[in-house]
Amino acid sequence: MPVPENAPAIDRRLLRDDVYHRLRDVIVDGSLAPGEQLRDVELAAWLGVSRTPVREALLRLAEAGLVVARPGRSTTVSSLNLRDVRDARDVVAAMHELAVREAVGSLGHADIEAMREANRRFGAAIGQGDVEAALRADDELHGIPVTVAANRALAAVLEQFTPVLRRAERLRFSSLAGRASLARHDELIRLCAAGDADRAAAVAFDTWRTLPTTEE
């Protein structure tokens, strides 16, 4: 049949990113367990896409340390590696420190109020033991300075390494240590509202740098 000349092109980048995000999320939430073998044919059928974006996503997941790829053999979900978690934690902490430092002077009243509201929801989720809701609220709160900073390189680094920390975040938010995060958030917001970039950046760094690992 003739191809319409004005047909909109499919955004291949969006498809590739969507496949990556969906696979990343089912690894991070434990639906795909450590050691589980990942077959691109099965994943492609499950997602309703071709094998190409799945293979690209698996390569990105390997770079992030979430899967282990053995060329010509198999690709499996990685186990929680203490060194990988610590490395990712240090990088993510430094990126959030930089984001806050760059964003403070540009944060408006609406941004500060959005951070406060996210922290209220975070506190409620911690009180109810709802780890998933706590993670969503935490992401929203810390995402505001990242968005305002508008540093694409910084955002790309966070996109790659934050998923490695999800299991460590769940460990924190399912324990009494989650309440310490609530206090750190309050202090971060207060300093951002006061325009104190240096101290706010230090609190942001400390918030992420103190994430627990399995041996700490």
# chains A, B, ... in the order shown; residues from 1 in each chain; ligands from 1
$ residues_around --residues "region 32-44 of chain A" --least-positions-apart "6" --cutoff "10 Å" --atoms "only C-alpha atoms" --output "PyMOL selection string"
chain A and resi 19+23-26+50-55+57-58+66-69+74-80
$ closest_atom_pairs --of "region 64-118 of chain A" --to "region 182-200 of chain A" --cutoff "9 Å" --atoms "only C-alpha atoms" --output "CSV"
residue,atom,partner,partner_atom,distance
A:Glu97,CA,A:Ala200,CA,8.1
A:Val100,CA,A:Ala200,CA,6.8
A:Arg101,CA,A:Ala197,CA,5.0
A:Glu102,CA,A:Ala197,CA,7.8
A:Ala103,CA,A:Ala197,CA,8.1
A:Val104,CA,A:Ala197,CA,5.6
A:Gly105,CA,A:Gly195,CA,6.4
A:Leu107,CA,A:Cys192,CA,7.7
A:Gly108,CA,A:Ala193,CA,8.5
A:His109,CA,A:Ala193,CA,8.1
A:Ile112,CA,A:Ala193,CA,6.5
A:Met115,CA,A:Ile189,CA,6.9
A:Arg116,CA,A:Ile189,CA,7.0
$ atom_distance --atom1 "CA of Asp111 (chain A)" --atom2 "CA of Val203 (chain A)"
17.7 Å
$ atom_distance --atom1 "CA of Glu132 (chain A)" --atom2 "CA of Tyr20 (chain A)"
20.0 Å
$ closest_atom_pairs --of "region 16-135 of chain A" --to "region 159-178 of chain A" --cutoff "6 Å" --atoms "only C-alpha atoms" --output "CSV"
residue,atom,partner,partner_atom,distance
A:Ala64,CA,A:Gln160,CA,5.6
A:Ala88,CA,A:Phe161,CA,5.6
A:Val131,CA,A:Phe173,CA,5.9
$ residues_around --residues "Gly123 (chain A)" --least-positions-apart "2" --cutoff "9 Å" --atoms "only C-alpha atoms" --output "count of residues only"
13
$ closest_residue --among "A:Leu141, A:Val91, A:Val157, A:Arg136" --to "Phe205 (chain A)" --atoms "only C-alpha atoms"
A:Val91
$ select_by_dssp --residues "region 2-200 of chain A" --states "helix (DSSP H, G or I)" --output "mmCIF file with C-alpha atoms, in the first residue's frame"
data_model
loop_
_atom_site.group_PDB
_atom_site.id
_atom_site.type_symbol
_atom_site.label_atom_id
_atom_site.label_comp_id
_atom_site.auth_asym_id
_atom_site.auth_seq_id
_atom_site.Cartn_x
_atom_site.Cartn_y
_atom_site.Cartn_z
ATOM 1 C CA ARG A 12 12.674 5.746 18.334
ATOM 2 C CA ARG A 13 14.364 7.433 21.276
ATOM 3 C CA LEU A 14 11.132 7.449 23.285
ATOM 4 C CA LEU A 15 10.558 3.745 22.575
ATOM 5 C CA ARG A 16 14.104 2.886 23.582
ATOM 6 C CA ASP A 17 13.853 4.905 26.796
ATOM 7 C CA ASP A 18 10.455 3.426 27.654
ATOM 8 C CA VAL A 19 11.784 -0.121 27.302
ATOM 9 C CA TYR A 20 14.794 0.764 29.447
ATOM 10 C CA HIS A 21 12.657 2.343 32.174
ATOM 11 C CA ARG A 22 10.216 -0.561 32.294
ATOM 12 C CA LEU A 23 12.972 -3.159 32.565
ATOM 13 C CA ARG A 24 14.851 -1.071 35.121
ATOM 14 C CA ASP A 25 11.739 -0.720 37.279
ATOM 15 C CA VAL A 26 10.941 -4.448 37.417
ATOM 16 C CA ILE A 27 14.551 -5.150 38.391
ATOM 17 C CA VAL A 28 14.620 -2.456 41.051
ATOM 18 C CA ASP A 40 15.681 -10.723 24.839
ATOM 19 C CA VAL A 41 13.094 -12.763 22.882
ATOM 20 C CA GLU A 42 10.919 -13.253 25.966
ATOM 21 C CA LEU A 43 11.314 -9.645 27.097
ATOM 22 C CA ALA A 44 10.457 -8.340 23.632
ATOM 23 C CA ALA A 45 7.300 -10.469 23.542
ATOM 24 C CA TRP A 46 6.303 -9.306 27.018
ATOM 25 C CA LEU A 47 6.789 -5.628 26.130
ATOM 26 C CA ARG A 51 14.404 -7.272 20.140
ATOM 27 C CA THR A 52 16.533 -4.237 19.199
ATOM 28 C CA PRO A 53 15.311 -1.793 21.900
ATOM 29 C CA VAL A 54 15.436 -4.627 24.436
ATOM 30 C CA ARG A 55 19.079 -5.339 23.598
ATOM 31 C CA GLU A 56 19.874 -1.623 23.828
ATOM 32 C CA ALA A 57 18.139 -1.439 27.205
ATOM 33 C CA LEU A 58 20.059 -4.442 28.517
ATOM 34 C CA LEU A 59 23.332 -2.775 27.524
ATOM 35 C CA ARG A 60 22.358 0.349 29.466
ATOM 36 C CA LEU A 61 21.310 -1.751 32.445
ATOM 37 C CA ALA A 62 24.683 -3.495 32.350
ATOM 38 C CA GLU A 63 26.431 -0.106 32.394
ATOM 39 C CA LEU A 82 28.400 -3.663 48.089
ATOM 40 C CA ARG A 83 31.119 -1.903 46.099
ATOM 41 C CA ASP A 84 28.688 -0.948 43.319
ATOM 42 C CA VAL A 85 26.216 0.476 45.829
ATOM 43 C CA ARG A 86 28.903 2.500 47.584
ATOM 44 C CA ASP A 87 30.290 3.838 44.309
ATOM 45 C CA ALA A 88 26.839 4.791 43.058
ATOM 46 C CA ARG A 89 25.962 6.344 46.409
ATOM 47 C CA ASP A 90 29.012 8.616 46.334
ATOM 48 C CA VAL A 91 28.356 9.713 42.755
ATOM 49 C CA VAL A 92 24.639 10.354 43.352
ATOM 50 C CA ALA A 93 25.399 12.299 46.543
ATOM 51 C CA ALA A 94 27.852 14.514 44.654
ATOM 52 C CA MET A 95 25.349 15.129 41.848
ATOM 53 C CA HIS A 96 22.584 16.166 44.270
ATOM 54 C CA GLU A 97 25.039 18.412 46.085
ATOM 55 C CA LEU A 98 25.841 20.114 42.780
ATOM 56 C CA ALA A 99 22.177 20.319 41.745
ATOM 57 C CA VAL A 100 21.185 22.079 44.965
ATOM 58 C CA ARG A 101 24.164 24.436 44.784
ATOM 59 C CA GLU A 102 23.219 25.416 41.222
ATOM 60 C CA ALA A 103 19.469 25.599 41.877
ATOM 61 C CA VAL A 104 19.165 27.550 45.129
ATOM 62 C CA GLY A 105 19.368 30.988 43.531
ATOM 63 C CA SER A 106 16.652 30.076 41.033
ATOM 64 C CA HIS A 109 8.176 30.161 46.020
ATOM 65 C CA ALA A 110 6.236 27.498 44.108
ATOM 66 C CA ASP A 111 9.319 25.255 44.031
ATOM 67 C CA ILE A 112 9.842 25.544 47.782
ATOM 68 C CA GLU A 113 6.168 24.853 48.448
ATOM 69 C CA ALA A 114 6.313 21.813 46.151
ATOM 70 C CA MET A 115 9.296 20.508 48.147
ATOM 71 C CA ARG A 116 7.394 21.048 51.418
ATOM 72 C CA GLU A 117 4.339 19.249 50.085
ATOM 73 C CA ALA A 118 6.474 16.338 48.872
ATOM 74 C CA ASN A 119 8.043 16.104 52.312
ATOM 75 C CA ARG A 120 4.630 16.097 53.982
ATOM 76 C CA ARG A 121 3.661 13.136 51.814
ATOM 77 C CA PHE A 122 7.020 11.529 52.549
ATOM 78 C CA GLY A 123 6.440 11.844 56.289
ATOM 79 C CA ALA A 124 2.940 10.404 56.005
ATOM 80 C CA ALA A 125 4.240 7.461 53.962
ATOM 81 C CA ILE A 126 7.014 6.737 56.463
ATOM 82 C CA GLY A 127 4.485 6.853 59.298
ATOM 83 C CA GLN A 128 2.240 4.377 57.478
ATOM 84 C CA VAL A 131 7.848 2.377 51.288
ATOM 85 C CA GLU A 132 6.725 2.817 47.672
ATOM 86 C CA ALA A 133 4.896 6.064 48.460
ATOM 87 C CA ALA A 134 7.922 7.260 50.428
ATOM 88 C CA LEU A 135 10.169 6.583 47.437
ATOM 89 C CA ARG A 136 7.847 8.519 45.112
ATOM 90 C CA ALA A 137 7.698 11.510 47.440
ATOM 91 C CA ASP A 138 11.458 11.423 47.993
ATOM 92 C CA ASP A 139 12.055 11.354 44.233
ATOM 93 C CA GLU A 140 9.746 14.328 43.754
ATOM 94 C CA LEU A 141 11.382 16.386 46.498
ATOM 95 C CA HIS A 142 14.960 15.837 45.318
ATOM 96 C CA GLY A 143 13.899 16.117 41.688
ATOM 97 C CA ILE A 144 12.849 19.757 42.060
ATOM 98 C CA PRO A 145 16.390 21.179 42.492
ATOM 99 C CA VAL A 146 17.605 18.834 39.744
ATOM 100 C CA THR A 147 14.961 20.191 37.359
ATOM 101 C CA VAL A 148 15.622 23.810 38.311
ATOM 102 C CA ALA A 149 19.389 23.364 37.926
ATOM 103 C CA ARG A 152 21.596 17.790 31.475
ATOM 104 C CA ALA A 153 24.897 16.061 32.210
ATOM 105 C CA LEU A 154 24.057 15.936 35.906
ATOM 106 C CA ALA A 155 20.572 14.565 35.193
ATOM 107 C CA ALA A 156 22.025 11.886 32.916
ATOM 108 C CA VAL A 157 24.406 10.691 35.627
ATOM 109 C CA LEU A 158 21.545 10.494 38.136
ATOM 110 C CA GLU A 159 19.419 8.597 35.623
ATOM 111 C CA GLN A 160 22.148 5.994 35.307
ATOM 112 C CA PHE A 161 23.192 5.491 38.920
ATOM 113 C CA THR A 162 20.154 6.241 41.125
ATOM 114 C CA PRO A 163 18.470 2.876 40.324
ATOM 115 C CA VAL A 164 21.442 1.051 41.853
ATOM 116 C CA LEU A 165 20.520 2.660 45.186
ATOM 117 C CA ARG A 166 16.850 1.662 45.239
ATOM 118 C CA ARG A 167 17.400 -1.378 47.409
ATOM 119 C CA ALA A 168 19.444 0.743 49.842
ATOM 120 C CA GLU A 169 16.667 3.359 49.903
ATOM 121 C CA ARG A 170 14.086 0.675 50.652
ATOM 122 C CA LEU A 171 16.260 -0.494 53.539
ATOM 123 C CA ARG A 172 16.305 3.023 54.981
ATOM 124 C CA PHE A 173 12.633 3.834 54.433
ATOM 125 C CA ALA A 177 16.136 5.635 59.893
ATOM 126 C CA GLY A 178 13.493 6.926 57.487
ATOM 127 C CA ARG A 179 12.483 9.491 60.111
ATOM 128 C CA ALA A 180 16.011 10.932 59.981
ATOM 129 C CA SER A 181 15.479 11.572 56.272
ATOM 130 C CA LEU A 182 12.359 13.568 57.123
ATOM 131 C CA ALA A 183 14.418 15.851 59.366
ATOM 132 C CA ARG A 184 17.130 16.221 56.718
ATOM 133 C CA HIS A 185 14.487 17.155 54.164
ATOM 134 C CA ASP A 186 13.107 19.827 56.495
ATOM 135 C CA GLU A 187 16.567 21.290 56.949
ATOM 136 C CA LEU A 188 17.287 21.150 53.219
ATOM 137 C CA ILE A 189 14.065 22.999 52.433
ATOM 138 C CA ARG A 190 14.711 25.618 55.134
ATOM 139 C CA LEU A 191 18.184 26.352 53.788
ATOM 140 C CA CYS A 192 16.957 26.462 50.191
ATOM 141 C CA ALA A 193 14.238 28.927 51.177
ATOM 142 C CA ALA A 194 16.864 31.044 52.977
ATOM 143 C CA ALA A 197 23.406 27.420 48.770
ATOM 144 C CA ASP A 198 26.515 26.085 50.503
ATOM 145 C CA ARG A 199 24.785 24.665 53.562
ATOM 146 C CA ALA A 200 21.823 23.370 51.561
#
$ select_by_dssp --residues "region 74-142 of chain A" --states "strand (DSSP E)" --output "list in words"
Ser74, Thr75, Thr76 and Val77 of chain A
$ write_last_selection --atoms "C-alpha atoms" --output "mmCIF file, in the first residue's frame"
data_model
loop_
_atom_site.group_PDB
_atom_site.id
_atom_site.type_symbol
_atom_site.label_atom_id
_atom_site.label_comp_id
_atom_site.auth_asym_id
_atom_site.auth_seq_id
_atom_site.Cartn_x
_atom_site.Cartn_y
_atom_site.Cartn_z
ATOM 1 C CA SER A 74 23.598 -15.142 29.151
ATOM 2 C CA THR A 75 22.365 -11.918 30.713
ATOM 3 C CA THR A 76 21.187 -12.085 34.321
ATOM 4 C CA VAL A 77 19.915 -9.695 36.960
#
$ atom_distance --atom1 "CA of Gly65 (chain A)" --atom2 "CA of Asn81 (chain A)"
8.8 Å
$ decode --residues "region 155-188 of chain A" --atoms "N, CA and C atoms" --output "mmCIF file, in the first residue's frame"
data_model
loop_
_atom_site.group_PDB
_atom_site.id
_atom_site.type_symbol
_atom_site.label_atom_id
_atom_site.label_comp_id
_atom_site.auth_asym_id
_atom_site.auth_seq_id
_atom_site.Cartn_x
_atom_site.Cartn_y
_atom_site.Cartn_z
ATOM 1 N N ALA A 155 21.790 15.388 35.229
ATOM 2 C CA ALA A 155 20.572 14.565 35.193
ATOM 3 C C ALA A 155 20.846 13.195 34.578
ATOM 4 N N ALA A 156 21.707 13.155 33.567
ATOM 5 C CA ALA A 156 22.025 11.886 32.916
ATOM 6 C C ALA A 156 22.774 10.952 33.862
ATOM 7 N N VAL A 157 23.669 11.504 34.655
ATOM 8 C CA VAL A 157 24.406 10.691 35.627
ATOM 9 C C VAL A 157 23.444 10.131 36.679
ATOM 10 N N LEU A 158 22.524 10.966 37.163
ATOM 11 C CA LEU A 158 21.545 10.494 38.136
ATOM 12 C C LEU A 158 20.647 9.412 37.544
ATOM 13 N N GLU A 159 20.265 9.593 36.300
ATOM 14 C CA GLU A 159 19.419 8.597 35.623
ATOM 15 C C GLU A 159 20.110 7.240 35.580
ATOM 16 N N GLN A 160 21.417 7.249 35.417
ATOM 17 C CA GLN A 160 22.148 5.994 35.307
ATOM 18 C C GLN A 160 22.369 5.328 36.660
ATOM 19 N N PHE A 161 22.716 6.109 37.681
ATOM 20 C CA PHE A 161 23.192 5.491 38.920
ATOM 21 C C PHE A 161 22.181 5.450 40.068
ATOM 22 N N THR A 162 21.139 6.280 40.035
ATOM 23 C CA THR A 162 20.154 6.241 41.125
ATOM 24 C C THR A 162 19.481 4.875 41.257
ATOM 25 N N PRO A 163 19.123 4.186 40.152
ATOM 26 C CA PRO A 163 18.470 2.876 40.324
ATOM 27 C C PRO A 163 19.280 1.872 41.132
ATOM 28 N N VAL A 164 20.605 1.977 41.090
ATOM 29 C CA VAL A 164 21.442 1.051 41.853
ATOM 30 C C VAL A 164 21.183 1.201 43.351
ATOM 31 N N LEU A 165 20.716 2.376 43.765
ATOM 32 C CA LEU A 165 20.520 2.660 45.186
ATOM 33 C C LEU A 165 19.132 2.310 45.693
ATOM 34 N N ARG A 166 18.228 1.872 44.819
ATOM 35 C CA ARG A 166 16.850 1.662 45.239
ATOM 36 C C ARG A 166 16.733 0.672 46.392
ATOM 37 N N ARG A 167 17.503 -0.396 46.330
ATOM 38 C CA ARG A 167 17.400 -1.378 47.409
ATOM 39 C C ARG A 167 17.913 -0.794 48.729
ATOM 40 N N ALA A 168 18.945 0.077 48.638
ATOM 41 C CA ALA A 168 19.444 0.743 49.842
ATOM 42 C C ALA A 168 18.413 1.737 50.370
ATOM 43 N N GLU A 169 17.716 2.436 49.473
ATOM 44 C CA GLU A 169 16.667 3.359 49.903
ATOM 45 C C GLU A 169 15.533 2.610 50.580
ATOM 46 N N ARG A 170 15.149 1.467 50.035
ATOM 47 C CA ARG A 170 14.086 0.675 50.652
ATOM 48 C C ARG A 170 14.486 0.238 52.062
ATOM 49 N N LEU A 171 15.767 -0.089 52.222
ATOM 50 C CA LEU A 171 16.260 -0.494 53.539
ATOM 51 C C LEU A 171 16.101 0.649 54.530
ATOM 52 N N ARG A 172 16.430 1.866 54.094
ATOM 53 C CA ARG A 172 16.305 3.023 54.981
ATOM 54 C C ARG A 172 14.838 3.333 55.284
ATOM 55 N N PHE A 173 14.011 3.378 54.253
ATOM 56 C CA PHE A 173 12.633 3.834 54.433
ATOM 57 C C PHE A 173 11.737 2.810 55.116
ATOM 58 N N SER A 174 12.205 1.575 55.238
ATOM 59 C CA SER A 174 11.424 0.556 55.946
ATOM 60 C C SER A 174 11.843 0.434 57.406
ATOM 61 N N SER A 175 12.743 1.329 57.843
ATOM 62 C CA SER A 175 13.230 1.291 59.224
ATOM 63 C C SER A 175 13.036 2.658 59.877
ATOM 64 N N LEU A 176 13.403 2.754 61.142
ATOM 65 C CA LEU A 176 13.297 4.024 61.860
ATOM 66 C C LEU A 176 14.213 5.084 61.265
ATOM 67 N N ALA A 177 15.225 4.671 60.510
ATOM 68 C CA ALA A 177 16.136 5.635 59.893
ATOM 69 C C ALA A 177 15.413 6.534 58.900
ATOM 70 N N GLY A 178 14.255 6.097 58.408
ATOM 71 C CA GLY A 178 13.493 6.926 57.487
ATOM 72 C C GLY A 178 13.078 8.241 58.107
ATOM 73 N N ARG A 179 12.865 8.254 59.429
ATOM 74 C CA ARG A 179 12.483 9.491 60.111
ATOM 75 C C ARG A 179 13.625 10.500 60.100
ATOM 76 N N ALA A 180 14.871 10.020 60.072
ATOM 77 C CA ALA A 180 16.011 10.932 59.981
ATOM 78 C C ALA A 180 16.014 11.639 58.633
ATOM 79 N N SER A 181 15.567 10.944 57.591
ATOM 80 C CA SER A 181 15.479 11.572 56.272
ATOM 81 C C SER A 181 14.460 12.701 56.285
ATOM 82 N N LEU A 182 13.380 12.523 57.021
ATOM 83 C CA LEU A 182 12.359 13.568 57.123
ATOM 84 C C LEU A 182 12.968 14.836 57.703
ATOM 85 N N ALA A 183 13.776 14.687 58.744
ATOM 86 C CA ALA A 183 14.418 15.851 59.366
ATOM 87 C C ALA A 183 15.430 16.489 58.421
ATOM 88 N N ARG A 184 16.177 15.671 57.691
ATOM 89 C CA ARG A 184 17.130 16.221 56.718
ATOM 90 C C ARG A 184 16.404 16.991 55.627
ATOM 91 N N HIS A 185 15.271 16.454 55.183
ATOM 92 C CA HIS A 185 14.487 17.155 54.164
ATOM 93 C C HIS A 185 14.026 18.522 54.677
ATOM 94 N N ASP A 186 13.552 18.553 55.916
ATOM 95 C CA ASP A 186 13.107 19.827 56.495
ATOM 96 C C ASP A 186 14.246 20.849 56.501
ATOM 97 N N GLU A 187 15.417 20.390 56.904
ATOM 98 C CA GLU A 187 16.567 21.290 56.949
ATOM 99 C C GLU A 187 16.979 21.729 55.543
ATOM 100 N N LEU A 188 16.959 20.810 54.605
ATOM 101 C CA LEU A 188 17.287 21.150 53.219
ATOM 102 C C LEU A 188 16.340 22.227 52.691
#
